[in-house]
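Student: The structure is given below, and queries will be raised subsequently.
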Protein chains: 2
Amino acid sequence: MNKEYLPYVSLGYRPSKSDLICKFYFEPAKDSSHTEAAGAIAAESSTGTWTELTTIKRETRVNLGAKVFEINNNTCKIAYPAELFEPGNMPQIFSSIAGNIFGMKEINNLRLLDIDFPKKIADSFKGPLYGIQGVRKLTGIKKRPLVGTIIKPKLGLNEKQHAKVAYEAWVGGLDAVKDDENLSSQPFNNFYKRVDETLKMKRKAEKETGEHKVYMCNVTAETKEMLKRAKYLKDSGNDYLMVDILTVGWAGLQTLRDEMDRLKLVMHGHRAMHAALTRNPKHGIAMDVIAKASRLVGLDQLHIGAGIGKMEGDVKEVQELVHVCEDKLYNVKPTFAVCSGGLYPGTIPALVKLYGKDIIIQAGGGVHGNPFGTRGGATAMRDAVDAAMSGKNIYDYAKNKKELKAALDKWGAAHV
Amino acid sequence: MNKEYLPYVSLGYRPSKSDLICKFYFEPAKDSSHTEAAGAIAAESSTGTWTELTTIKRETRVNLGAKVFEINNNTCKIAYPAELFEPGNMPQIFSSIAGNIFGMKEINNLRLLDIDFPKKIADSFKGPLYGIQGVRKLTGIKKRPLVGTIIKPKLGLNEKQHAKVAYEAWVGGLDAVKDDENLSSQPFNNFYKRVDETLKMKRKAEKETGEHKVYMCNVTAETKEMLKRAKYLKDSGNDYLMVDILTVGWAGLQTLRDEMDRLKLVMHGHRAMHAALTRNPKHGIAMDVIAKASRLVGLDQLHIGAGIGKMEGDVKEVQELVHVCEDKLYNVKPTFAVCSGGLYPGTIPALVKLYGKDIIIQAGGGVHGNPFGTRGGATAMRDAVDAAMSGKNIYDYAKNKKELKAALDKWGAAHV
């Protein structure tokens with residue numbers, strides 16, 4: 001056993017309130033014990049390295065070294081003194097506790113399962129500007145889930161076609177329209193023109209329906225261009241933006257959130273690329289961690305999957321994510337959880353039953369694939385929300401509603 | 001089989017020069033064929049979805065749809081029309097070809113192995129400002145590998161202690177000193193004070209040795225703070241910065257590179273967190289992909305591991321990464337490959353033999369763990385570089401060199 005790692009194991013240590021605590025799943029490599037592997041993780045993610053140093057003092061290890069305080073089969077918990085971290089610097093936090101350690105020889109697999117942030121670090125981030133209550137106040141939707149669509153096809157519509165589909169969705173009954181995660185500003189659909197066209201249609205739809213409509217417009221780009229696009233949205237009268245949180249990265253995301261102090265747009269977060277990190281149950285970073293960090297940084301809305309539908313995921317995981325978004329976390333506002341991915345009207349009662357009413361439900365194909373087209377598909381979705389809120393059986397509820405009935409005929413309903 | 005995915009499979013299609021081509025490893029889920037799974041990947045990462053849409057036109061699919069043109073056991077190649085991507089927007093490119101697809105039900109495992117960028121997209125990024133030749137010109141080191149250290153302990157030294165260790169390393173013979181990836185600006189070591197103290201020592205070391213010394217100072221933070229720190233480095237007379245590329249993210253990294261048009265600092269990239277994405281051979285994103293994207297964005301130097309030493313990795317992978325950094329890529333300058341992670345003087349001849357002379361070699365513990373301390377450890381490393389360049393056996397070379405001899409006695413030498 002490498003003796004350099006031993007001082008980082010303090011089983012029975014009781015973490016202080018100011019410690020940051022990480023829970024890891026880990027599998028030691030063939031030649032390592034659980035103690036050595038856990039010690040290696042704590043060392044490399046705080047003050048240690050693989051060999052004895054002439055430059056480290058004992059008090060550095062004692063005062064700043066991370067401590068493995070619990071090993072339970074293949075999970076361990078490590079306490080990190082808050083001084084290791086720069087307040088308000090999410091990239092630095094991830095470089096520490098989710099950095100080099102995934103590549104160490106002493107472990108075969110390593111997964112960061114959860115982080116408990118101490119108050120001091122949580123307070124150093126801005127958190128959501130709106131959160132669930134702020135979004136409800138802005139939209140005037142008091143109790144029911146918000147319901148929306150992603151413009152489809154993902155890519156290929158020009159600005160006017162995009163705006164037209166959005167209009168159909170809004171007047172059909174949906175609250176929200178969202179760009180797809182890979183639509184930013186392409187030759188066939190320019191960001192600025194798209195905003196102009198789509199907001200024109202948004203105002204028209206609002207006038208016709210008397211409802212507040214939402215356009216989650218994707219600003220994903222290099223940081224300065226992203227800020228420019230956000231400002232354009234604000235100047236054009238929009239109150240929302242969307243961003244791909246992981247492909248943009250923590251630095252750009254924090255910058256965007258800072259700018260919201262001035263622009264005051266609701267931030268909707270798409271998690272494209274997350275499954276590259278989150279899907280393997282033995283390695284990588286759990287979505288819980290990404291969701292909690294996103295809430296601290298200040299996402300008002302965040303995709304958490306659906307547990308049912310076309311994408312991978314299970315109900316228990318999604319329920320956990322709803323807790324990460326909503327549970328008390330010092331003074332940080334709750335993030336609105338967004339269920340999305342292969343959904344259709346027949347899934348809505350199940351989603352509400354599983355995750356409650358404080359969710360945003362989005363369907364792409366499940367709207368634009370409706371035999372009555374986008375407008376009919378939107379009506380079917382909105383009716384399905386009303387069905388779920390009424391507590392009635394969705395098939396009974398659909399009897400005189402041709403669009404919802406068509407959706408049920410085409411895709412069925414989910415039962416939980 | 002879901003018929004929506006079929007139009008995205010065109011085996012035998014010959015990609016055009018303007019296509020972006022991705023190579024994936026994939027394992028279909030139990031109920032999916034290889035064709036269906038590959039088609040699902042191509043659909044979801046371009047214009048398709050899981051159900052038939054009323055809003056998509058045939059020409060959209062034909063003109064913008066990605067095409068699976070080769071399936072070979074568990075690998076497939078997909079061609080993407082360049083129009084799908086926004087020039088100069090790396091987050092958008094990753095949201096497309098490394099986005100939702102990792103979470104699809106049709107696949108159990110998916111790994112993005114490689115990307116071939118067409119010239120038009122490659123040209124839309126800035127690429128390295130310096131590259132290998134620029135760094136050699138700046139430092140005056142014409143042929144041999146550059147050699148440096150990471151200040152250790154990773155965290156815990158105050159600004160003056162940090163600067164003192166850096167000074168010892170420089171006067172001992174090292175070219176470069178690098179902050180650790182999790183050191184940014186903490187209570188015990190403030191960024192701005194650290195820069196002041198360390199650059200004072202750098203000037204002193206340069207005066208005493210007559211050599212150009214390098215300080216790779218970690219600016220990792222929220223984007224605007226990062227730019228502020230980079231400017232402070234420039235104003236203070238430094239010519240280098242370092243950044244944690246993945247925890248910062250593509251948006252912030254591009255912004256930082258843009259700023260280098262003005263500040264003209266060499267950009268050194270640390271890859272903390274990469275192994276969360278890259279380590280599992282069946283899932284995630286290969287380091288080749290991250291390295292190529294980083295080169296396009298414009299990192300002058302990039303960590304690629306060592307294949308030998310404390311971190312996981314194998315020689316073949318690292319050799320491949322050297323190619324990604326150095327091989328002809330339109331007019332994009334080559335990125336200087338950095339070998340780092342558990343290295344010590346006895347590994348240097350092997351590193352040069354494996355990866356050539358156009359590498360930067362870094363050791364942390366292998367310097368500061370030398371029985372003669374940091375200065376002696378630095379001398380041992382530099383002597384080991386000279387030994388490797390001379391072609392002599394390192395043990396013979398060490399006969400009258402007590403620091404190198406001590407390093408060899410402590411850690412041995414690597415043979416390849």
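Simple scheme: letters A, B, ... for chains in structure tokens order, numbers from 1 for residues in each chain, numbers from 1 for ligands in the order shown.
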If you take only C-alpha atoms and a cut-off of 6 Å, which residues of chain B touch chain A, and what are their nearest atom pairs and distances in Å to one decimal, in chain and number order, as CSV?
Tutor:
```
residue,atom,partner,partner_atom,distance
B:Thr47,CA,A:Lys154,CA,5.0
B:Thr51,CA,A:Gly365,CA,5.6
B:Glu52,CA,A:Gly369,CA,5.4
B:Leu53,CA,A:Gly369,CA,4.2
B:Thr54,CA,A:Gly369,CA,5.5
B:Ile56,CA,A:Pro153,CA,5.7
B:Thr60,CA,A:Gly156,CA,5.6
B:Glu86,CA,A:Gln186,CA,4.9
B:Asn89,CA,A:Ala221,CA,5.4
B:Pro91,CA,A:Thr247,CA,4.6
B:Gln92,CA,A:Asn182,CA,5.6
B:Ser95,CA,A:Asn182,CA,5.4
B:Ser96,CA,A:Asn182,CA,5.1
B:Ala98,CA,A:Met273,CA,5.6
B:Gly99,CA,A:Met273,CA,4.0
B:Asn100,CA,A:Ala272,CA,5.1
B:Phe102,CA,A:Ala275,CA,5.1
B:Gly103,CA,A:Ala275,CA,5.1
B:Met104,CA,A:Met311,CA,4.7
B:Lys105,CA,A:Glu312,CA,4.8
B:Pro153,CA,A:Thr47,CA,5.5
B:Lys154,CA,A:Thr47,CA,5.0
B:Leu155,CA,A:Thr47,CA,5.1
B:Gly156,CA,A:Thr60,CA,5.6
B:Asn182,CA,A:Ser96,CA,5.1
B:Ser185,CA,A:Glu86,CA,5.9
B:Gln186,CA,A:Glu86,CA,4.9
B:Ala221,CA,A:Asn89,CA,5.4
B:Glu222,CA,A:Ala251,CA,4.1
B:Thr223,CA,A:Ala251,CA,5.1
B:Thr247,CA,A:Pro91,CA,4.6
B:Val248,CA,A:Ala251,CA,4.8
B:Gly249,CA,A:Gly249,CA,3.7
B:Trp250,CA,A:Val248,CA,5.5
B:Ala251,CA,A:Glu222,CA,4.1
B:Gly252,CA,A:Gly252,CA,5.0
B:Gln254,CA,A:Glu222,CA,5.9
B:Thr255,CA,A:Thr223,CA,5.9
B:Ala272,CA,A:Gly99,CA,4.3
B:Met273,CA,A:Gly99,CA,4.0
B:Ala275,CA,A:Phe102,CA,5.1
B:Ala276,CA,A:Gly284,CA,4.4
B:Leu277,CA,A:Leu277,CA,5.7
B:Gly284,CA,A:Ala276,CA,4.4
B:Met311,CA,A:Met104,CA,4.7
B:Glu312,CA,A:Lys105,CA,4.8
B:Gly365,CA,A:Thr51,CA,5.6
B:His368,CA,A:Leu53,CA,5.3
B:Gly369,CA,A:Leu53,CA,4.2
B:Gly373,CA,A:Thr54,CA,5.7
```
Student: How would you write, as JSON, numbers by chain, the set of residues in stretch 178-352 of chain B that DSSP gives as strand (DSSP E)?
Tutor: {"B": [178, 214, 215, 216, 240, 241, 242, 243, 244, 266, 267, 268, 269, 270, 284, 285, 301, 302, 303, 336, 337, 338, 339]}
Student: Using only C-alpha atoms, pick whichever of B:Lys164, B:Lys126, B:His34, B:Lys316 has the shortest atom-to-atom distance to B:Ala205.
Tutor: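 Among the listed residues, the smallest separation from B:Ala205 belongs to B:Lys164.
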Student: Using DSSP assignments from the backbone, pull out every residue in stretch 158-271 of chain B that falls under helix (DSSP H, G or I) and give it to me as a ChimeraX atom specification.
Tutor: /B:159-172,191-209,223-235,245-248,250-263
Student: Just the number, please: distance in Å from atom CA of B:Val135 to atom CA of B:Cys339, one decimal.
Tutor: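 Atom CA of B:Cys339 lies at a distance of 15.9 Å from atom CA of B:Val135.
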